[in-house]
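Trainee: So I've got this file, work15.csv, and it contains CSV, C-alpha atoms:
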```csv
chain,number,residue,atom,x,y,z
A,1,SER,CA,-10.7,-13.7,4.3
A,2,PHE,CA,-11.3,-11.8,7.5
A,3,MET,CA,-10.0,-14.6,9.7
A,4,GLN,CA,-6.7,-14.7,7.8
A,5,LEU,CA,-6.4,-10.9,8.1
A,6,TYR,CA,-7.1,-11.2,11.8
A,7,GLU,CA,-4.5,-13.9,12.3
A,8,ILE,CA,-1.9,-11.8,10.3
A,9,ILE,CA,-2.6,-8.8,12.5
A,10,GLU,CA,-2.3,-10.8,15.7
A,11,ASN,CA,1.0,-12.3,14.5
A,12,ILE,CA,2.3,-8.8,13.6
A,13,LYS,CA,1.6,-7.7,17.1
A,14,LYS,CA,3.9,-10.4,18.4
A,15,LEU,CA,6.9,-9.5,16.2
A,16,PRO,CA,10.1,-8.2,17.8
A,17,LYS,CA,10.8,-4.5,17.0
A,18,ASN,CA,13.5,-5.2,14.5
A,19,ASP,CA,11.3,-7.6,12.6
A,20,LEU,CA,8.4,-5.2,12.7
A,21,GLU,CA,10.6,-2.4,11.2
A,22,ILE,CA,11.6,-4.8,8.4
A,23,LEU,CA,8.0,-5.7,7.7
A,24,LEU,CA,6.9,-2.0,7.7
A,25,GLU,CA,9.7,-1.2,5.2
A,26,ARG,CA,8.7,-4.0,2.9
A,27,LEU,CA,5.0,-3.0,3.1
A,28,GLU,CA,5.9,0.5,2.2
A,29,ASN,CA,7.9,-0.7,-0.8
A,30,PHE,CA,5.0,-2.9,-1.8
A,31,GLU,CA,2.6,0.0,-1.6
A,32,GLN,CA,4.9,2.2,-3.7
A,33,GLU,CA,5.1,-0.5,-6.3
A,34,LEU,CA,1.3,-0.8,-6.5
A,35,TRP,CA,0.9,2.9,-6.7
A,36,ASN,CA,3.6,3.1,-9.5
A,37,LYS,CA,1.8,0.4,-11.5
A,38,GLU,CA,-1.6,2.1,-11.1
A,39,PHE,CA,0.0,5.5,-12.1
A,40,GLU,CA,1.7,3.9,-15.2
A,41,GLY,CA,-1.6,2.3,-16.2
A,42,ASP,CA,-3.4,5.6,-15.9
A,43,VAL,CA,-0.8,7.3,-18.0
A,44,ARG,CA,-1.1,4.6,-20.7
A,45,LEU,CA,-4.9,4.9,-20.7
A,46,GLY,CA,-4.6,8.7,-21.1
A,47,LYS,CA,-6.4,9.4,-17.8
A,48,LEU,CA,-3.9,12.2,-17.0
A,49,ASP,CA,-3.9,13.8,-20.4
A,50,LYS,CA,-6.5,16.5,-19.4
A,51,LEU,CA,-4.6,17.4,-16.3
A,52,ALA,CA,-1.3,17.7,-18.2
A,53,GLU,CA,-2.9,19.8,-20.9
A,54,GLN,CA,-4.5,22.1,-18.2
A,55,ALA,CA,-1.1,22.4,-16.4
A,56,ILE,CA,0.6,23.4,-19.7
A,57,ARG,CA,-2.1,26.0,-20.4
A,58,ASP,CA,-1.8,27.4,-16.9
A,59,PHE,CA,2.0,27.6,-17.2
A,60,ARG,CA,1.8,29.4,-20.6
A,61,ALA,CA,-0.8,31.8,-19.2
A,62,GLY,CA,1.6,32.7,-16.4
A,63,LYS,CA,-0.6,31.2,-13.7
A,64,CYS,CA,2.3,29.3,-12.2
A,65,ARG,CA,5.0,30.4,-9.8
A,66,GLU,CA,8.2,28.7,-8.8
A,67,ILE,CA,8.3,27.0,-5.5
```
Can you turn what I pasted into structure tokens?
Mentor:
Amino acid sequence: SFMQLYEIIENIKKLPKNDLEILLERLENFEQELWNKEFEGDVRLGKLDKLAEQAIRDFRAGKCREI
């Protein structure tokens, strides 16, 4: 709920710098895990197939350059 979120934010503001750094690192890792799970789900569902097919067509047509 909003109140829980507000309390969490207020408590975060009170954290010592070292603890805040640890929290931010863990949140970043958590966000990455969520993104990976969503990406893997999209791959399994075939949501990226059209993009991959277009990229392959563009590559074969010479529309790509090395970066």
Trainee: CA of Leu24 in chain A to CA of Asn11 in chain A: how many Å, to one decimal?
Mentor: 13.7 Å
Trainee: Separation of CA of Glu38 in chain A and CA of Ala52 in chain A, in Å?
Mentor: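 Distance between the two atoms: 17.1 Å.
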Trainee: Can you tell me how far CA of Lys50 in chain A sits from CA of Lys63 in chain A, in Å to one decimal?
Mentor: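 Pair CA of Lys50 in chain A / CA of Lys63 in chain A returns 16.8 Å.
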